[in-house]
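These notes are about the structure you will find just below.
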Amino acid sequence: MLHQIKEWTSFYKKHFNLVLGDVVIPEHQPGFDRLIVVAGSLTQNQVYDACAKQFKCWRYKNDLDKSVAKNDRDPKNGAYAIWLRDCQEADEENKNLSADYLENQKVKGITLLERMLYELKYHDETGNHLDTSSVTLCSGSRDSRDILPTAYWKEEEFGINWYYTDGSNDILRARSVVL
């Protein structure tokens, strides 16, 4: 795990000129091998802009900080970390499951900020992108109307769009997280 923290420290220096500082790492659970570390006070717009410097990006709403008003976790409260499955495509076991269903089942999902950080870190490591065949439903985030952001790679660009909490389909999948 120390190696992963060093990687995140270098990542934050490279993309944001930030010093990571202290962060509490949740207990690892089998199958959840990808650590995402979120620096304190980091904003969604900052992460989107860092992505846009590395590859072509598109977003449905220009100001993500204003548009995505509710998040299950927020770096304004300090740095934090989550574990998720280390997969290029969103979680297969969450296909055809709506955000409403996942919430009722108490399945914690990735936020838009965490998903964008994962995109940028994955691209740094591999030169590739997440969700080339699926779409991540960022079930840990909501706009003021309770609509969820989605994230994907399509036609040579990273995209952020919106989806309703009661909707589901084969390619739309939440990424479960461990806190």
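Identifiers in the structure tokens: chain A, B, ... in order shown; residue index from 1 per chain; ligand index from 1 in order shown.
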
Could you give me, as a tab-separated table, every segment 35-61 of chain A residue with an atom at most 10 Å from segment 2-18 of chain A, plus its closest atom pair and distance in Å to one decimal, counting only C-alpha atoms, rows ordered by chain then number?
residue	atom	partner	partner_atom	distance
A:Leu35	CA	A:Gln4	CA	7.3
A:Ile36	CA	A:Trp8	CA	8.3
A:Val37	CA	A:Trp8	CA	6.8
A:Val38	CA	A:Trp8	CA	9.0
A:Ala39	CA	A:Tyr12	CA	8.0
A:Gly40	CA	A:Leu18	CA	9.7
A:Leu42	CA	A:Phe16	CA	9.1
A:Gln46	CA	A:Phe16	CA	8.0
A:Val47	CA	A:Phe16	CA	8.4
A:Asp49	CA	A:His15	CA	9.8
A:Ala50	CA	A:His15	CA	6.3
A:Cys51	CA	A:His15	CA	8.9
A:Lys53	CA	A:His15	CA	9.2
A:Gln54	CA	A:His15	CA	9.6

Selected residues written out, N, CA and C atoms, as a short mmCIF file (atom, residue, chain, number, x, y, z; two decimals), in the first residue's frame:
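Dumped everything to out-v5.cif:
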data_model
loop_
_atom_site.label_atom_id
_atom_site.label_comp_id
_atom_site.auth_asym_id
_atom_site.auth_seq_id
_atom_site.Cartn_x
_atom_site.Cartn_y
_atom_site.Cartn_z
N LEU A 35 -6.88 1.51 -5.38
CA LEU A 35 -6.97 2.58 -4.40
C LEU A 35 -7.12 3.92 -5.13
N ILE A 36 -8.12 4.69 -4.75
CA ILE A 36 -8.29 6.05 -5.25
C ILE A 36 -8.12 6.98 -4.06
N VAL A 37 -7.16 7.89 -4.15
CA VAL A 37 -6.90 8.85 -3.08
C VAL A 37 -7.34 10.22 -3.56
N VAL A 38 -8.17 10.88 -2.77
CA VAL A 38 -8.71 12.19 -3.12
C VAL A 38 -8.10 13.23 -2.19
N ALA A 39 -7.37 14.17 -2.78
CA ALA A 39 -6.72 15.23 -1.99
C ALA A 39 -7.76 16.20 -1.44
N GLY A 40 -7.52 16.68 -0.24
CA GLY A 40 -8.42 17.65 0.38
C GLY A 40 -8.55 18.90 -0.47
N LEU A 42 -9.84 19.39 -3.33
CA LEU A 42 -9.84 19.22 -4.77
C LEU A 42 -11.26 19.39 -5.31
N GLN A 46 -11.40 21.24 -11.28
CA GLN A 46 -9.94 21.07 -11.36
C GLN A 46 -9.59 19.73 -12.01
N VAL A 47 -10.28 18.68 -11.61
CA VAL A 47 -9.96 17.35 -12.15
C VAL A 47 -10.36 17.27 -13.62
N ASP A 49 -10.45 19.74 -15.75
CA ASP A 49 -9.46 20.52 -16.48
C ASP A 49 -8.14 19.76 -16.63
N ALA A 50 -7.73 19.01 -15.60
CA ALA A 50 -6.52 18.20 -15.70
C ALA A 50 -6.70 17.10 -16.75
N CYS A 51 -7.88 16.50 -16.79
CA CYS A 51 -8.17 15.50 -17.83
C CYS A 51 -8.08 16.14 -19.21
N LYS A 53 -6.37 18.50 -20.27
CA LYS A 53 -4.98 18.77 -20.69
C LYS A 53 -4.32 17.52 -21.26
N GLN A 54 -4.86 16.34 -20.93
CA GLN A 54 -4.25 15.08 -21.34
C GLN A 54 -4.95 14.42 -22.53
#

Excluding Tyr163 of chain A and any residue of its chain fewer than 3 positions from it, enumerate the residues within 7 Å of it, using only C-alpha atoms, and give them as a ChimeraX atom specification.
/A:147-150

I need the chosen residues saved as a PDB file, in the first residue's frame, with N, CA and C atoms.
ATOM      1  N   ILE A 147     -30.524  14.012 -10.450  1.00  0.00           N
ATOM      2  CA  ILE A 147     -30.081  13.302 -11.646  1.00  0.00           C
ATOM      3  C   ILE A 147     -28.590  13.006 -11.481  1.00  0.00           C
ATOM      4  N   LEU A 148     -28.157  11.835 -11.967  1.00  0.00           N
ATOM      5  CA  LEU A 148     -26.783  11.377 -11.740  1.00  0.00           C
ATOM      6  C   LEU A 148     -25.870  11.628 -12.928  1.00  0.00           C
ATOM      7  N   PRO A 149     -24.608  11.950 -12.661  1.00  0.00           N
ATOM      8  CA  PRO A 149     -23.650  12.021 -13.767  1.00  0.00           C
ATOM      9  C   PRO A 149     -23.211  10.619 -14.195  1.00  0.00           C
ATOM     10  N   THR A 150     -22.835  10.512 -15.454  1.00  0.00           N
ATOM     11  CA  THR A 150     -22.240   9.298 -16.003  1.00  0.00           C
ATOM     12  C   THR A 150     -20.907   9.674 -16.633  1.00  0.00           C
TER      13      THR A 150
END

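Here atom CA of Val107 of chain A and atom CA of Ser139 of chain A stand 9.2 Å from one another.
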
Pick out the residues sitting within 10 Å of Cys87 of chain A, and hand them over as a short mmCIF file (atom, residue, chain, number, x, y, z; two decimals) with N, CA and C atoms, in the first residue's frame; count only C-alpha atoms, and ignore anything fewer than 2 positions along from it in its own chain.
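Produced file result_31.cif, reproduced below:
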data_model
loop_
_atom_site.label_atom_id
_atom_site.label_comp_id
_atom_site.auth_asym_id
_atom_site.auth_seq_id
_atom_site.Cartn_x
_atom_site.Cartn_y
_atom_site.Cartn_z
N PHE A 32 -11.34 -5.72 -4.22
CA PHE A 32 -11.32 -4.26 -4.35
C PHE A 32 -9.86 -3.83 -4.21
N ASP A 33 -9.14 -3.85 -5.35
CA ASP A 33 -7.69 -3.69 -5.33
C ASP A 33 -7.20 -2.35 -5.86
N ARG A 34 -8.09 -1.50 -6.33
CA ARG A 34 -7.70 -0.19 -6.87
C ARG A 34 -7.96 0.86 -5.81
N LEU A 84 -11.85 0.29 -4.95
CA LEU A 84 -12.82 -0.21 -5.92
C LEU A 84 -12.19 -1.32 -6.73
N ARG A 85 -13.00 -1.95 -7.55
CA ARG A 85 -12.47 -3.03 -8.38
C ARG A 85 -11.54 -2.44 -9.43
N GLU A 89 -13.61 -1.70 -17.39
CA GLU A 89 -15.05 -1.48 -17.56
C GLU A 89 -15.74 -1.46 -16.20
N ALA A 90 -16.82 -0.70 -16.13
CA ALA A 90 -17.59 -0.60 -14.88
C ALA A 90 -18.08 -1.99 -14.46
N ASP A 91 -18.40 -2.12 -13.19
CA ASP A 91 -18.69 -3.40 -12.55
C ASP A 91 -19.82 -4.18 -13.24
N GLU A 92 -19.46 -5.33 -13.76
CA GLU A 92 -20.40 -6.21 -14.46
C GLU A 92 -21.59 -6.57 -13.58
N TYR A 122 -5.61 6.11 -14.57
CA TYR A 122 -5.57 4.95 -15.46
C TYR A 122 -4.87 5.32 -16.78
N LEU A 130 -10.86 4.23 -19.43
CA LEU A 130 -11.89 3.42 -18.80
C LEU A 130 -13.17 3.46 -19.64
N ASP A 131 -14.02 2.50 -19.42
CA ASP A 131 -15.37 2.49 -19.99
C ASP A 131 -15.40 2.71 -21.49
N ARG A 175 -19.90 1.72 -10.23
CA ARG A 175 -18.67 1.12 -9.70
C ARG A 175 -18.82 1.14 -8.18
#

Counting only C-alpha atoms, which residue out of A:Leu97, A:Trp153, A:Gly109, A:Leu120 sits closest to Gly167 of chain A?
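Closest to Gly167 of chain A, using only C-alpha atoms: A:Leu97.
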
Please list as a ChimeraX atom specification every residue within 6 Å of Val135 of chain A, counting only C-alpha atoms and excluding residues in the same chain fewer than 3 positions away.
/A:131,151-152,171-172

Quick one: DSSP strand (DSSP E or B) residues in chain A, as a PyMOL selection string?
chain A and resi 29+32+34-38+57-59+70-71+80-84+109+135-137+141-142+148-154+157-163+172-174+176-178

Could you write out the selected residues, including N, CA and C atoms, as a compact mmCIF listing (two decimals), in the first residue's frame?
# COMPACT_ATOMS: atom_id res chain seq x y z
N GLN A 29 -10.48 -4.86 1.13
CA GLN A 29 -11.34 -6.03 1.04
C GLN A 29 -11.01 -6.79 -0.24
N PHE A 32 -11.34 -5.72 -4.22
CA PHE A 32 -11.32 -4.26 -4.35
C PHE A 32 -9.86 -3.83 -4.21
N ARG A 34 -8.09 -1.50 -6.33
CA ARG A 34 -7.70 -0.19 -6.87
C ARG A 34 -7.96 0.86 -5.81
N LEU A 35 -6.88 1.51 -5.38
CA LEU A 35 -6.97 2.58 -4.40
C LEU A 35 -7.12 3.92 -5.13
N ILE A 36 -8.12 4.69 -4.75
CA ILE A 36 -8.29 6.05 -5.25
C ILE A 36 -8.12 6.98 -4.06
N VAL A 37 -7.16 7.89 -4.15
CA VAL A 37 -6.90 8.85 -3.08
C VAL A 37 -7.34 10.22 -3.56
N VAL A 38 -8.17 10.88 -2.77
CA VAL A 38 -8.71 12.19 -3.12
C VAL A 38 -8.10 13.23 -2.19
N CYS A 57 -12.02 15.99 -24.07
CA CYS A 57 -13.10 15.81 -23.10
C CYS A 57 -14.35 16.57 -23.52
N TRP A 58 -15.49 16.06 -23.05
CA TRP A 58 -16.77 16.71 -23.28
C TRP A 58 -17.60 16.57 -22.01
N ARG A 59 -18.34 17.63 -21.67
CA ARG A 59 -19.23 17.57 -20.52
C ARG A 59 -20.54 18.27 -20.85
N LYS A 70 -24.52 17.38 -4.97
CA LYS A 70 -24.50 16.43 -3.85
C LYS A 70 -23.54 15.29 -4.16
N ASN A 71 -22.68 15.00 -3.20
CA ASN A 71 -21.74 13.88 -3.32
C ASN A 71 -21.70 13.13 -2.01
N TYR A 80 -9.29 11.85 1.55
CA TYR A 80 -9.84 10.54 1.88
C TYR A 80 -9.44 9.56 0.79
N ALA A 81 -9.73 8.28 1.04
CA ALA A 81 -9.41 7.24 0.06
C ALA A 81 -10.55 6.23 0.01
N ILE A 82 -10.68 5.57 -1.12
CA ILE A 82 -11.65 4.50 -1.32
C ILE A 82 -10.96 3.35 -2.06
N TRP A 83 -11.53 2.19 -1.96
CA TRP A 83 -11.11 1.04 -2.77
C TRP A 83 -12.22 0.72 -3.75
N LEU A 84 -11.85 0.29 -4.95
CA LEU A 84 -12.82 -0.21 -5.92
C LEU A 84 -12.19 -1.32 -6.73
N GLY A 109 -21.52 3.78 -4.21
CA GLY A 109 -20.99 3.95 -5.55
C GLY A 109 -20.01 5.09 -5.67
N VAL A 135 -20.56 2.30 -19.47
CA VAL A 135 -20.68 3.66 -18.96
C VAL A 135 -20.75 3.58 -17.44
N THR A 136 -19.92 4.35 -16.74
CA THR A 136 -20.00 4.37 -15.29
C THR A 136 -21.13 5.29 -14.85
N LEU A 137 -22.04 4.74 -14.08
CA LEU A 137 -23.08 5.52 -13.42
C LEU A 137 -22.48 5.98 -12.09
N SER A 141 -22.99 10.57 -6.70
CA SER A 141 -23.16 12.01 -6.98
C SER A 141 -24.57 12.26 -7.52
N ARG A 142 -25.03 13.51 -7.33
CA ARG A 142 -26.34 13.93 -7.83
C ARG A 142 -26.30 15.42 -8.18
N LEU A 148 -28.16 11.83 -11.97
CA LEU A 148 -26.78 11.38 -11.74
C LEU A 148 -25.87 11.63 -12.93
N PRO A 149 -24.61 11.95 -12.66
CA PRO A 149 -23.65 12.02 -13.77
C PRO A 149 -23.21 10.62 -14.20
N THR A 150 -22.84 10.51 -15.45
CA THR A 150 -22.24 9.30 -16.00
C THR A 150 -20.91 9.67 -16.63
N ALA A 151 -20.02 8.69 -16.78
CA ALA A 151 -18.70 8.94 -17.39
C ALA A 151 -18.34 7.76 -18.28
N TYR A 152 -17.68 8.08 -19.42
CA TYR A 152 -17.38 7.04 -20.41
C TYR A 152 -16.33 7.56 -21.39
N TRP A 153 -15.80 6.64 -22.19
CA TRP A 153 -14.90 6.97 -23.29
C TRP A 153 -15.59 6.55 -24.58
N LYS A 154 -15.82 7.50 -25.49
CA LYS A 154 -16.51 7.20 -26.74
C LYS A 154 -15.97 8.08 -27.85
N GLU A 157 -13.04 10.50 -27.09
CA GLU A 157 -13.13 11.54 -26.06
C GLU A 157 -13.77 11.00 -24.79
N PHE A 158 -13.35 11.61 -23.69
CA PHE A 158 -13.91 11.33 -22.38
C PHE A 158 -15.17 12.17 -22.24
N GLY A 159 -16.27 11.55 -21.86
CA GLY A 159 -17.53 12.27 -21.77
C GLY A 159 -18.19 12.16 -20.42
N ILE A 160 -18.90 13.23 -20.05
CA ILE A 160 -19.71 13.27 -18.83
C ILE A 160 -21.11 13.68 -19.24
N ASN A 161 -22.07 12.84 -18.88
CA ASN A 161 -23.46 13.11 -19.23
C ASN A 161 -24.31 12.89 -17.98
N TRP A 162 -25.62 12.75 -18.13
CA TRP A 162 -26.56 12.64 -17.02
C TRP A 162 -27.53 11.50 -17.26
N TYR A 163 -28.04 10.93 -16.15
CA TYR A 163 -28.98 9.82 -16.23
C TYR A 163 -29.90 9.85 -15.01
N LEU A 172 -24.84 0.58 -18.74
CA LEU A 172 -24.77 1.54 -17.64
C LEU A 172 -24.58 0.79 -16.33
N ARG A 173 -23.45 1.04 -15.65
CA ARG A 173 -23.11 0.28 -14.45
C ARG A 173 -22.44 1.17 -13.42
N ALA A 174 -22.84 1.03 -12.20
CA ALA A 174 -22.14 1.72 -11.10
C ALA A 174 -20.83 1.00 -10.81
N SER A 176 -18.86 -0.04 -7.58
CA SER A 176 -19.00 -0.14 -6.12
C SER A 176 -17.69 0.26 -5.45
N VAL A 177 -17.81 0.89 -4.29
CA VAL A 177 -16.62 1.33 -3.54
C VAL A 177 -16.64 0.77 -2.12
N VAL A 178 -15.46 0.67 -1.55
CA VAL A 178 -15.28 0.28 -0.15
C VAL A 178 -14.70 1.49 0.57
